[in-house]
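Here is run-v5.cif, consisting of mmCIF, C-alpha atoms:
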```cif
data_start
loop_
_atom_site.label_atom_id
_atom_site.label_comp_id
_atom_site.auth_asym_id
_atom_site.auth_seq_id
_atom_site.Cartn_x
_atom_site.Cartn_y
_atom_site.Cartn_z
CA MET A 1 1.78 -5.43 42.01
CA GLY A 2 1.56 -2.22 44.00
CA GLY A 3 0.68 1.41 43.41
CA GLU A 4 1.26 2.31 39.78
CA PHE A 5 3.50 -0.64 38.85
CA LEU A 6 2.75 -4.05 37.40
CA VAL A 7 5.65 -6.40 38.15
CA LEU A 8 6.04 -9.37 35.79
CA THR A 9 7.87 -12.62 36.52
CA LEU A 10 8.50 -15.41 34.00
CA PHE A 11 8.15 -18.89 35.50
CA ASN A 12 9.33 -22.19 33.99
CA PRO A 13 6.96 -24.92 35.28
CA PHE A 14 9.46 -27.68 34.42
CA THR A 15 12.58 -26.29 36.10
CA GLY A 16 10.99 -23.96 38.63
CA GLY A 17 13.26 -21.16 37.41
CA THR A 18 12.07 -17.55 37.41
CA ILE A 19 13.13 -14.38 35.58
CA ARG A 20 12.08 -11.04 37.02
CA LEU A 21 11.22 -8.40 34.43
CA PRO A 22 11.18 -4.62 34.95
CA PRO A 23 7.90 -3.17 36.26
CA VAL A 24 5.37 -1.76 33.83
CA LYS A 25 4.32 1.75 34.77
CA GLU A 26 0.98 3.52 34.42
CA VAL A 27 -1.16 0.78 35.91
CA PRO A 28 -4.03 1.96 38.14
CA ASP A 29 -3.80 1.38 41.87
CA ILE A 30 -5.95 -1.64 42.76
CA HIS A 31 -6.83 -2.65 46.31
CA GLU A 32 -9.68 -5.13 46.05
CA ASP A 33 -10.05 -8.48 44.28
CA MET A 34 -6.57 -8.17 42.79
CA ASP A 35 -6.62 -11.55 41.03
CA PHE A 36 -9.77 -10.55 39.15
CA PHE A 37 -8.26 -7.31 37.87
CA LEU A 38 -4.90 -8.86 36.97
CA GLY A 39 -6.72 -11.05 34.48
CA SER A 40 -8.21 -7.92 32.93
CA ILE A 41 -5.05 -5.79 32.95
CA LEU A 42 -2.31 -8.13 31.72
CA TYR A 43 -4.03 -9.54 28.68
CA ARG A 44 -1.48 -11.28 26.47
CA VAL A 45 2.27 -11.99 26.46
CA ALA A 46 4.46 -13.24 23.58
CA LEU A 47 8.12 -14.28 23.80
CA SER A 48 10.62 -14.38 20.93
CA ALA A 49 12.56 -17.31 22.43
CA ASP A 50 12.65 -19.58 25.46
CA PRO A 51 14.15 -17.41 28.24
CA SER A 52 15.52 -20.54 29.94
CA LEU A 53 17.62 -21.32 26.86
CA SER A 54 18.36 -17.72 25.83
CA PRO A 55 18.34 -15.66 29.06
CA ASN A 56 20.29 -12.86 27.36
CA GLY A 57 18.70 -13.03 23.94
CA PHE A 58 14.92 -13.06 24.32
CA GLU A 59 12.30 -10.37 23.82
CA ALA A 60 8.78 -9.98 25.19
CA LEU A 61 5.73 -8.07 23.99
CA ILE A 62 2.74 -7.54 26.26
CA VAL A 63 -0.78 -6.28 25.64
CA TYR A 64 -2.51 -4.81 28.66
CA HIS A 65 -5.40 -2.53 29.53
CA ILE A 66 -5.82 0.33 31.96
CA SER A 67 -9.16 1.49 33.23
CA ASP A 68 -9.06 5.06 31.92
CA SER A 69 -8.00 4.23 28.34
CA PRO A 70 -10.35 3.22 25.48
CA VAL A 71 -7.52 1.43 23.61
CA SER A 72 -5.06 -1.35 24.41
CA GLN A 73 -1.58 -0.67 25.74
CA VAL A 74 1.48 -2.38 24.23
CA ALA A 75 5.00 -2.58 25.63
CA HIS A 76 8.22 -4.26 24.46
CA TYR A 77 11.13 -5.63 26.49
CA LYS A 78 14.52 -6.92 25.36
CA ALA A 79 16.78 -8.91 27.67
CA GLY A 80 19.05 -6.46 29.45
CA ASP A 81 16.70 -3.46 29.20
CA VAL A 82 15.90 -1.67 32.44
CA THR A 83 12.51 -0.40 31.26
CA TRP A 84 9.74 -1.38 28.86
CA THR A 85 9.31 0.52 25.58
CA ARG A 86 5.75 1.75 25.15
CA ILE A 87 4.12 1.36 21.73
CA ASP A 88 1.14 3.40 20.55
CA ALA A 89 -1.49 0.89 19.40
CA ARG A 90 -4.43 3.33 18.96
CA THR A 91 -6.92 0.46 18.88
CA ILE A 92 -8.28 -2.46 20.88
CA LEU A 93 -6.16 -5.60 20.52
CA SER A 94 -7.16 -9.23 21.03
CA ASP A 95 -3.91 -11.18 20.77
CA VAL A 96 -0.15 -11.08 20.13
CA ILE A 97 2.20 -13.67 18.64
CA TYR A 98 5.88 -13.95 17.71
CA TYR A 99 5.84 -15.35 14.18
CA LYS A 100 8.78 -15.82 11.80
CA GLY A 101 10.99 -13.25 13.47
CA GLN A 102 8.43 -10.54 14.18
CA PHE A 103 5.78 -9.63 16.70
CA LEU A 104 2.23 -9.48 15.31
CA VAL A 105 -0.94 -8.24 16.98
CA VAL A 106 -4.57 -8.67 15.96
CA THR A 107 -7.31 -6.10 16.53
CA SER A 108 -10.78 -6.68 17.91
CA SER A 109 -12.09 -6.70 14.30
CA GLY A 110 -9.52 -9.15 12.91
CA GLY A 111 -7.00 -6.67 11.49
CA LEU A 112 -3.32 -7.64 11.65
CA LEU A 113 -0.43 -5.33 12.51
CA SER A 114 3.31 -5.96 12.72
CA VAL A 115 5.29 -4.36 15.52
CA ASN A 116 8.67 -2.89 14.55
CA VAL A 117 10.93 -3.03 17.59
CA ASN A 118 14.25 -2.75 15.75
CA SER A 119 14.46 1.02 15.95
CA ASP A 120 14.66 3.60 18.71
CA LEU A 121 10.99 4.43 18.17
CA ALA A 122 8.84 1.28 18.13
CA THR A 123 5.98 1.48 15.62
CA THR A 124 3.16 -0.62 14.16
CA THR A 125 2.39 -1.27 10.50
CA TRP A 126 -0.80 -2.65 9.00
CA CYS A 127 -0.44 -6.09 7.38
CA ILE A 128 -4.15 -6.83 6.93
CA ARG A 129 -6.86 -4.22 7.35
CA SER A 130 -10.09 -5.94 8.31
CA THR A 131 -13.50 -4.34 7.99
CA ARG A 132 -15.28 -7.34 9.47
CA ALA A 133 -17.50 -6.26 12.31
CA SER A 134 -19.28 -8.67 14.61
CA PRO A 135 -23.07 -8.67 14.34
CA SER A 136 -24.65 -6.79 17.22
CA HIS A 137 -26.03 -10.02 18.64
CA THR A 138 -22.67 -11.79 18.99
CA ILE A 139 -19.66 -11.71 21.30
CA THR A 140 -16.48 -12.26 19.30
CA HIS A 141 -12.84 -12.85 20.24
CA TYR A 142 -9.86 -13.33 17.91
CA SER A 143 -6.75 -15.43 18.54
CA LEU A 144 -3.51 -15.85 16.58
CA VAL A 145 -2.00 -19.33 16.29
CA GLU A 146 0.95 -20.78 14.38
CA SER A 147 0.03 -24.15 12.91
CA SER A 148 2.31 -27.18 12.92
CA ARG A 149 2.97 -26.37 9.24
CA GLU A 150 4.06 -22.85 10.24
CA ASP A 151 0.96 -21.17 8.78
CA LEU A 152 -0.42 -18.12 10.57
CA LEU A 153 -4.01 -18.74 11.62
CA LEU A 154 -6.69 -16.33 12.82
CA VAL A 155 -9.30 -18.04 14.97
CA GLU A 156 -12.66 -16.38 15.62
CA LYS A 157 -14.66 -17.49 18.64
CA SER A 158 -18.20 -16.15 18.76
CA TYR A 159 -21.31 -16.52 20.89
CA SER A 160 -24.77 -15.72 19.56
CA ARG A 161 -27.49 -14.01 21.58
CA SER A 162 -28.67 -17.47 22.66
CA TRP A 163 -25.07 -18.39 23.63
CA ASP A 164 -24.56 -20.79 20.74
CA LEU A 165 -20.82 -21.23 20.19
CA ALA A 166 -19.06 -21.16 16.82
CA TYR A 167 -15.45 -21.10 15.64
CA LYS A 168 -14.08 -19.95 12.29
CA VAL A 169 -10.48 -20.15 11.08
CA TRP A 170 -8.65 -17.99 8.54
CA CYS A 171 -5.15 -18.48 7.16
CA ALA A 172 -2.86 -15.61 6.14
CA TYR A 173 -1.88 -15.73 2.48
CA GLY A 174 0.43 -13.23 0.80
CA ASP A 175 1.14 -12.35 -2.83
CA ASP A 176 2.10 -9.29 -4.87
CA GLY A 177 -1.22 -7.73 -3.90
CA GLY A 178 -0.47 -7.99 -0.20
CA THR A 179 -1.51 -10.30 2.60
CA GLN A 180 -5.10 -11.28 3.30
CA TRP A 181 -7.12 -13.64 5.47
CA VAL A 182 -8.58 -16.63 3.62
CA GLU A 183 -11.18 -18.69 5.45
CA THR A 184 -10.41 -22.39 5.75
CA GLU A 185 -12.73 -25.20 6.76
CA SER A 186 -9.95 -27.56 7.80
CA ILE A 187 -6.71 -27.34 9.77
CA GLY A 188 -5.75 -30.86 8.70
CA THR A 189 -4.18 -33.00 11.40
CA ASP A 190 -3.73 -30.07 13.78
CA ALA A 191 -5.48 -29.62 17.09
CA LEU A 192 -5.70 -26.10 18.52
CA PHE A 193 -5.71 -25.34 22.24
CA LEU A 194 -7.21 -21.95 23.06
CA ASP A 195 -8.10 -19.85 26.07
CA TRP A 196 -8.58 -16.15 26.70
CA ASN A 197 -4.88 -15.57 27.32
CA VAL A 198 -2.98 -18.32 25.46
CA SER A 199 -3.16 -20.19 22.14
CA MET A 200 -1.15 -23.06 20.67
CA SER A 201 -1.34 -25.89 18.14
CA VAL A 202 -0.08 -29.47 18.04
CA SER A 203 -0.19 -32.15 15.38
CA ALA A 204 -2.33 -35.17 16.11
CA LEU A 205 0.40 -37.16 14.36
CA ASP A 206 2.67 -36.34 17.32
CA PHE A 207 -0.12 -36.58 19.90
CA PRO A 208 -2.44 -39.43 18.82
CA GLU A 209 -4.74 -38.76 21.79
CA CYS A 210 -5.66 -35.39 20.28
CA ARG A 211 -8.45 -35.11 17.74
CA PRO A 212 -7.38 -33.69 14.37
CA ASN A 213 -9.14 -30.69 12.85
CA SER A 214 -10.48 -29.74 16.28
CA ILE A 215 -10.27 -26.91 18.79
CA TYR A 216 -9.88 -27.60 22.51
CA PHE A 217 -11.02 -24.83 24.83
CA LEU A 218 -12.00 -24.19 28.44
CA ASP A 219 -15.59 -23.28 29.19
CA SER A 220 -18.13 -23.19 31.99
CA VAL A 221 -21.03 -25.62 31.71
CA ASP A 222 -23.73 -25.08 34.34
CA GLY A 223 -21.09 -23.35 36.43
CA PHE A 224 -18.58 -26.21 36.28
CA PRO A 225 -15.24 -25.80 34.43
CA GLN A 226 -14.91 -28.24 31.55
CA LEU A 227 -12.55 -28.96 28.72
CA ARG A 228 -14.59 -28.98 25.51
CA VAL A 229 -13.81 -29.85 21.89
CA PHE A 230 -15.14 -28.08 18.78
CA ASN A 231 -15.12 -30.13 15.57
CA LEU A 232 -14.35 -27.83 12.63
CA GLU A 233 -15.74 -30.30 10.10
CA ASN A 234 -19.29 -30.49 11.45
CA GLY A 235 -19.44 -27.69 14.03
CA ASN A 236 -20.29 -30.04 16.90
CA VAL A 237 -19.17 -29.28 20.45
CA GLU A 238 -18.45 -32.09 22.91
CA ASN A 239 -17.70 -32.01 26.62
CA PHE A 240 -14.30 -33.66 26.97
CA CYS A 241 -13.82 -33.76 30.74
CA VAL A 242 -14.60 -31.93 34.00
CA LEU A 243 -11.50 -30.19 35.30
CA HIS A 244 -12.42 -29.70 38.93
CA ASP A 245 -14.10 -31.29 41.90
CA PRO A 246 -17.83 -30.96 41.08
CA SER A 247 -18.50 -30.15 44.73
CA GLU A 248 -16.66 -26.84 44.28
CA LYS A 249 -18.78 -24.98 41.77
CA TYR A 250 -17.52 -21.73 40.27
CA LEU A 251 -17.62 -19.83 37.03
CA LEU A 252 -14.57 -20.45 34.86
CA LEU A 253 -15.42 -17.50 32.64
CA GLU A 254 -14.32 -15.03 35.30
CA PRO A 255 -10.95 -13.51 34.27
CA LYS A 256 -9.19 -15.00 37.29
CA ARG A 257 -10.40 -18.47 36.26
CA THR A 258 -8.59 -18.60 32.92
CA GLY A 259 -6.26 -21.51 32.30
CA ILE A 260 -2.99 -22.17 30.51
CA TRP A 261 -1.72 -24.89 28.18
CA ILE A 262 1.72 -26.41 28.74
CA LEU A 263 3.57 -28.20 25.93
CA PRO A 264 6.45 -30.44 27.10
CA THR A 265 9.77 -29.03 25.91
CA MET A 266 11.05 -32.45 24.84
CA VAL A 267 8.44 -32.69 22.05
#
```

Once more with this new file: its structure as structure tokens, please.
Amino acid sequence: MGGEFLVLTLFNPFTGGTIRLPPVKEVPDIHEDMDFFLGSILYRVALSADPSLSPNGFEALIVYHISDSPVSQVAHYKAGDVTWTRIDARTILSDVIYYKGQFLVVTSSGGLLSVNVNSDLATTTWCIRSTRASPSHTITHYSLVESSREDLLLVEKSYSRSWDLAYKVWCAYGDDGGTQWVETESIGTDALFLDWNVSMSVSALDFPECRPNSIYFLDSVDGFPQLRVFNLENGNVENFCVLHDPSEKYLLLEPKRTGIWILPTMV
């Protein structure tokens, strides 16, 4: 990254292969603590296909933020393009996903929009308008996840004023009256893996070590990074394991301390 350009590179952790993408313009010049600000600027990335398998047939959609804008920035890339196509979001976005042939984004209040990238002028269309607003005493973040049964899930992570953690899950249901979020108390045999910049699901039937109807997430407990598990059935949170040498204490909640989940491609 340098000057007014954010350069993105796709990396395959299994093969070591890389794909260099065109730079994204209109990013503020940053000189200090670059890792910290990268976590804040490049927020989410979604791919339409595995670039290693379809190097000439994949697309990417990114959500990023710039310091002088009150709304999120969205840009689309198709293999072979020399530049990114900017998309006017006009709101704050929390997540992006490629689901059943289309890119979807969720707003900071749980609203869902589809991104039309099949025309010269990329646009967004409301799928679900949400009027849910977080209580003033909570911090809320929304994630989009595709379940193992191919359902679209909206996951709400919230902290109360006393830092009590809670998760809620909604499933998208559509009929003649349109699509809406319907709250669900169970995700069946699925286990969700969430972090600030990535979300995925697996079936405990395929991974017996995973707990069904649970959410795995990274958190900081007394300053130490830990993998924790939230049980959707009873709302209990358990510390699963410490992920770092306890002698090196740091705060995982800093943007540069976010983690990623890797699902083996052979599964």

Quick one: of A:Asp206, A:Glu59, A:Glu156, A:Asp88, who's nearest to Gly101 of chain A, counting all atoms listed in the file?
A:Glu59

Work out how far apart atom CA of Glu238 of chain A and atom CA of Ile97 of chain A are and give it in Å to one decimal.
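A separation of 28.0 Å between them.
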
Quick check on the file I pasted: which residues fall under the PyMOL selection byres ((chain A and resi 56) around 7)? Write them as an MDAnalysis selection string.
chainID A and resid 54:55 57:58 79:80

Store the residues picked out above in a file with C-alpha atoms, as a PDB file, keeping the file's coordinate frame.
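What landed in out.pdb:
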```pdb
ATOM      1  CA  SER A  54      18.360 -17.720  25.830  1.00  0.00           C
ATOM      2  CA  PRO A  55      18.340 -15.660  29.060  1.00  0.00           C
ATOM      3  CA  GLY A  57      18.700 -13.030  23.940  1.00  0.00           C
ATOM      4  CA  PHE A  58      14.920 -13.060  24.320  1.00  0.00           C
ATOM      5  CA  ALA A  79      16.780  -8.910  27.670  1.00  0.00           C
ATOM      6  CA  GLY A  80      19.050  -6.460  29.450  1.00  0.00           C
TER       7      GLY A  80
END
```

Which residues are near Val82 of chain A? Cut-off 12 Å, all atoms listed in the file, ignore same chain within fewer than 6 positions. Put them as a ChimeraX atom specification.
/A:20-24,76

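If all atoms listed in the file are the atoms counted, then among A:Ser94, A:Ser199, A:Thr138, A:Ser130 the closest residue to Ile262 of chain A is A:Ser199.
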
Got a sec: who's within 9 Å of Ala191 of chain A, counting only C-alpha atoms, leaving out chain neighbours fewer than 2 positions off, as a PyMOL selection string?
chain A and resi 147+187-189+193+200-204+210-216

Nearest candidate to Asp81 of chain A (options A:Ala60, A:Cys241, A:Val105, A:Val115; using only C-alpha atoms)
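So, comparing all the options, the nearest one is A:Ala60.
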